[in-house]
Amino acid sequence: MKRIIFAVLAAVGLAVCAAAPAQAGKPAPTAAAAAYWGHWATQALVYDATGGTNSFKVSEAVAEWRKSGWNVVMTSDATKANIKVVAQNSTIEGAVGDASLVTSGSIITGCTVHLSPTFTYMNVGEHMAIHELGHCGGLPHSTSTKSVMYATTNSNTMMTKPSAQDIQWMAADY
Ligand SMILES: [Zn+2]
């Protein structure tokens, strides 16, 4: 079992993701990259523990990613969830959000997302939820500034849903 943490770092209105790999597209999983390019073998059940604020729009993010064919749904039962989203500052300095994947071989079995409660203004919270849940689905960073999986964002590039290409990218493995 491995844990992989993705971070979004903030710098004066600019969110920057750390630990970005160099890949531009999502290749077929290989043994070497299996832990990173993981797949879900079972339904992904998302529990929103952000505490009642809808700034992060977790269920909307889940609904968007479902369009890819990824079998991900919300659950109100925290004990059954294998993806948990919490409003909590990342332990990574300067991060506004992160996603920590639990994998077994090339299979993703769990994911914990931290979204900083101080970054709920404009569409930041929504963008962060989609971005980090994208990592939970196995997507790395994109090199396209028009992708919700781009490593950074600002007021001009914030997105309220994944792009059509992002959906196709996620669909490539499901
Ligand atoms: Zn990221």
# chains A, B, ... in the order shown; residues from 1 in each chain; ligands from 1
>>> select_by_dssp(residues="segment 70-129 of chain A", states="strand (DSSP E or B)", output="ChimeraX atom specification")
/A:72-74,83-87,95-104,107-115
>>> write_last_selection(atoms="N, CA and C atoms", output="PDB file, in the first residue's frame")
ATOM      1  N   VAL A  72     -18.313   6.837  -9.558  1.00  0.00           N
ATOM      2  CA  VAL A  72     -18.104   7.579  -8.307  1.00  0.00           C
ATOM      3  C   VAL A  72     -19.424   8.230  -7.907  1.00  0.00           C
ATOM      4  N   VAL A  73     -19.813   8.018  -6.644  1.00  0.00           N
ATOM      5  CA  VAL A  73     -21.074   8.575  -6.157  1.00  0.00           C
ATOM      6  C   VAL A  73     -20.880   9.118  -4.742  1.00  0.00           C
ATOM      7  N   MET A  74     -21.818   9.958  -4.320  1.00  0.00           N
ATOM      8  CA  MET A  74     -21.795  10.471  -2.959  1.00  0.00           C
ATOM      9  C   MET A  74     -22.390   9.427  -2.016  1.00  0.00           C
ATOM     10  N   ILE A  83     -13.621   7.650  -0.292  1.00  0.00           N
ATOM     11  CA  ILE A  83     -13.044   8.971  -0.555  1.00  0.00           C
ATOM     12  C   ILE A  83     -13.665   9.916   0.468  1.00  0.00           C
ATOM     13  N   LYS A  84     -12.834  10.587   1.235  1.00  0.00           N
ATOM     14  CA  LYS A  84     -13.328  11.542   2.217  1.00  0.00           C
ATOM     15  C   LYS A  84     -12.785  12.928   1.889  1.00  0.00           C
ATOM     16  N   VAL A  85     -13.691  13.894   1.906  1.00  0.00           N
ATOM     17  CA  VAL A  85     -13.314  15.275   1.626  1.00  0.00           C
ATOM     18  C   VAL A  85     -13.534  16.082   2.884  1.00  0.00           C
ATOM     19  N   VAL A  86     -12.482  16.667   3.386  1.00  0.00           N
ATOM     20  CA  VAL A  86     -12.583  17.427   4.628  1.00  0.00           C
ATOM     21  C   VAL A  86     -12.087  18.854   4.421  1.00  0.00           C
ATOM     22  N   ALA A  87     -12.716  19.768   5.141  1.00  0.00           N
ATOM     23  CA  ALA A  87     -12.275  21.164   5.113  1.00  0.00           C
ATOM     24  C   ALA A  87     -11.202  21.318   6.177  1.00  0.00           C
ATOM     25  N   ALA A  95      -0.059  25.015   1.110  1.00  0.00           N
ATOM     26  CA  ALA A  95      -1.012  24.319   0.252  1.00  0.00           C
ATOM     27  C   ALA A  95      -2.445  24.742   0.548  1.00  0.00           C
ATOM     28  N   VAL A  96      -3.246  24.848  -0.477  1.00  0.00           N
ATOM     29  CA  VAL A  96      -4.662  25.140  -0.287  1.00  0.00           C
ATOM     30  C   VAL A  96      -5.502  23.876  -0.399  1.00  0.00           C
ATOM     31  N   GLY A  97      -4.879  22.820  -0.848  1.00  0.00           N
ATOM     32  CA  GLY A  97      -5.586  21.550  -0.934  1.00  0.00           C
ATOM     33  C   GLY A  97      -4.625  20.444  -1.290  1.00  0.00           C
ATOM     34  N   ASP A  98      -5.015  19.222  -0.964  1.00  0.00           N
ATOM     35  CA  ASP A  98      -4.208  18.087  -1.390  1.00  0.00           C
ATOM     36  C   ASP A  98      -5.084  16.845  -1.458  1.00  0.00           C
ATOM     37  N   ALA A  99      -4.599  15.863  -2.171  1.00  0.00           N
ATOM     38  CA  ALA A  99      -5.295  14.584  -2.272  1.00  0.00           C
ATOM     39  C   ALA A  99      -4.280  13.497  -1.968  1.00  0.00           C
ATOM     40  N   SER A 100      -4.644  12.632  -1.058  1.00  0.00           N
ATOM     41  CA  SER A 100      -3.750  11.553  -0.657  1.00  0.00           C
ATOM     42  C   SER A 100      -4.384  10.233  -1.080  1.00  0.00           C
ATOM     43  N   LEU A 101      -3.722   9.570  -2.022  1.00  0.00           N
ATOM     44  CA  LEU A 101      -4.250   8.327  -2.572  1.00  0.00           C
ATOM     45  C   LEU A 101      -3.707   7.120  -1.829  1.00  0.00           C
ATOM     46  N   VAL A 102      -4.568   6.135  -1.666  1.00  0.00           N
ATOM     47  CA  VAL A 102      -4.124   4.845  -1.151  1.00  0.00           C
ATOM     48  C   VAL A 102      -4.257   3.860  -2.297  1.00  0.00           C
ATOM     49  N   THR A 103      -3.168   3.198  -2.634  1.00  0.00           N
ATOM     50  CA  THR A 103      -3.199   2.284  -3.768  1.00  0.00           C
ATOM     51  C   THR A 103      -2.692   0.910  -3.377  1.00  0.00           C
ATOM     52  N   SER A 104      -3.133  -0.053  -4.152  1.00  0.00           N
ATOM     53  CA  SER A 104      -2.637  -1.414  -4.007  1.00  0.00           C
ATOM     54  C   SER A 104      -2.308  -1.882  -5.414  1.00  0.00           C
ATOM     55  N   ILE A 107      -4.299  -0.453  -8.433  1.00  0.00           N
ATOM     56  CA  ILE A 107      -5.676  -0.180  -8.014  1.00  0.00           C
ATOM     57  C   ILE A 107      -5.706   0.882  -6.922  1.00  0.00           C
ATOM     58  N   ILE A 108      -6.568   1.876  -7.134  1.00  0.00           N
ATOM     59  CA  ILE A 108      -6.773   2.885  -6.098  1.00  0.00           C
ATOM     60  C   ILE A 108      -7.873   2.386  -5.173  1.00  0.00           C
ATOM     61  N   THR A 109      -7.589   2.387  -3.885  1.00  0.00           N
ATOM     62  CA  THR A 109      -8.573   1.871  -2.930  1.00  0.00           C
ATOM     63  C   THR A 109      -9.113   2.956  -1.992  1.00  0.00           C
ATOM     64  N   GLY A 110      -8.477   4.104  -2.014  1.00  0.00           N
ATOM     65  CA  GLY A 110      -8.962   5.150  -1.127  1.00  0.00           C
ATOM     66  C   GLY A 110      -8.316   6.479  -1.441  1.00  0.00           C
ATOM     67  N   CYS A 111      -8.940   7.545  -0.959  1.00  0.00           N
ATOM     68  CA  CYS A 111      -8.385   8.878  -1.198  1.00  0.00           C
ATOM     69  C   CYS A 111      -8.936   9.819  -0.127  1.00  0.00           C
ATOM     70  N   THR A 112      -8.071  10.634   0.392  1.00  0.00           N
ATOM     71  CA  THR A 112      -8.491  11.669   1.340  1.00  0.00           C
ATOM     72  C   THR A 112      -8.129  13.024   0.755  1.00  0.00           C
ATOM     73  N   VAL A 113      -9.111  13.903   0.720  1.00  0.00           N
ATOM     74  CA  VAL A 113      -8.897  15.240   0.163  1.00  0.00           C
ATOM     75  C   VAL A 113      -9.001  16.279   1.270  1.00  0.00           C
ATOM     76  N   HIS A 114      -8.021  17.140   1.330  1.00  0.00           N
ATOM     77  CA  HIS A 114      -8.065  18.286   2.246  1.00  0.00           C
ATOM     78  C   HIS A 114      -8.268  19.549   1.411  1.00  0.00           C
ATOM     79  N   LEU A 115      -9.275  20.325   1.794  1.00  0.00           N
ATOM     80  CA  LEU A 115      -9.516  21.609   1.131  1.00  0.00           C
ATOM     81  C   LEU A 115      -9.445  22.681   2.203  1.00  0.00           C
TER      82      LEU A 115
END
>>> residues_around(residues="Pro117 of chain A", least_positions_apart="4", cutoff="12 Å", atoms="only C-alpha atoms", output="list in words")
Ala49, Thr50, Gly51, Gly52, Thr53, Asn54, Ser55, Phe56, Val85, Val86, Ala87, Gln88, Asn89, Ser90, Ala95, Val96, Gly97, Tyr121, Val124, Gly125, Glu126, Met128 and Ala129 of chain A
>>> closest_residue(among="A:Thr152, A:Gln168, A:Ser163, A:Asn82", to="ligand 1", atoms="only C-alpha atoms and all ligand atoms")
A:Thr152
>>> closest_residue(among="A:Lys67, A:His39, A:His127, A:His135", to="ligand 1", atoms="only C-alpha atoms and all ligand atoms")
A:His135
>>> residues_around(residues="Val58 of chain A", least_positions_apart="3", cutoff="7 Å", atoms="only C-alpha atoms", output="list in words")
Asp48, Ala61, Val62 and Ala129 of chain A
>>> closest_residue(among="A:Gln165, A:Thr143, A:Ser106, A:Thr79", to="ligand 1", atoms="only C-alpha atoms and all ligand atoms")
A:Thr143
>>> atom_distance(atom1="atom CA of Trp65 of chain A", atom2="atom CA of Tyr47 of chain A")
15.1 Å
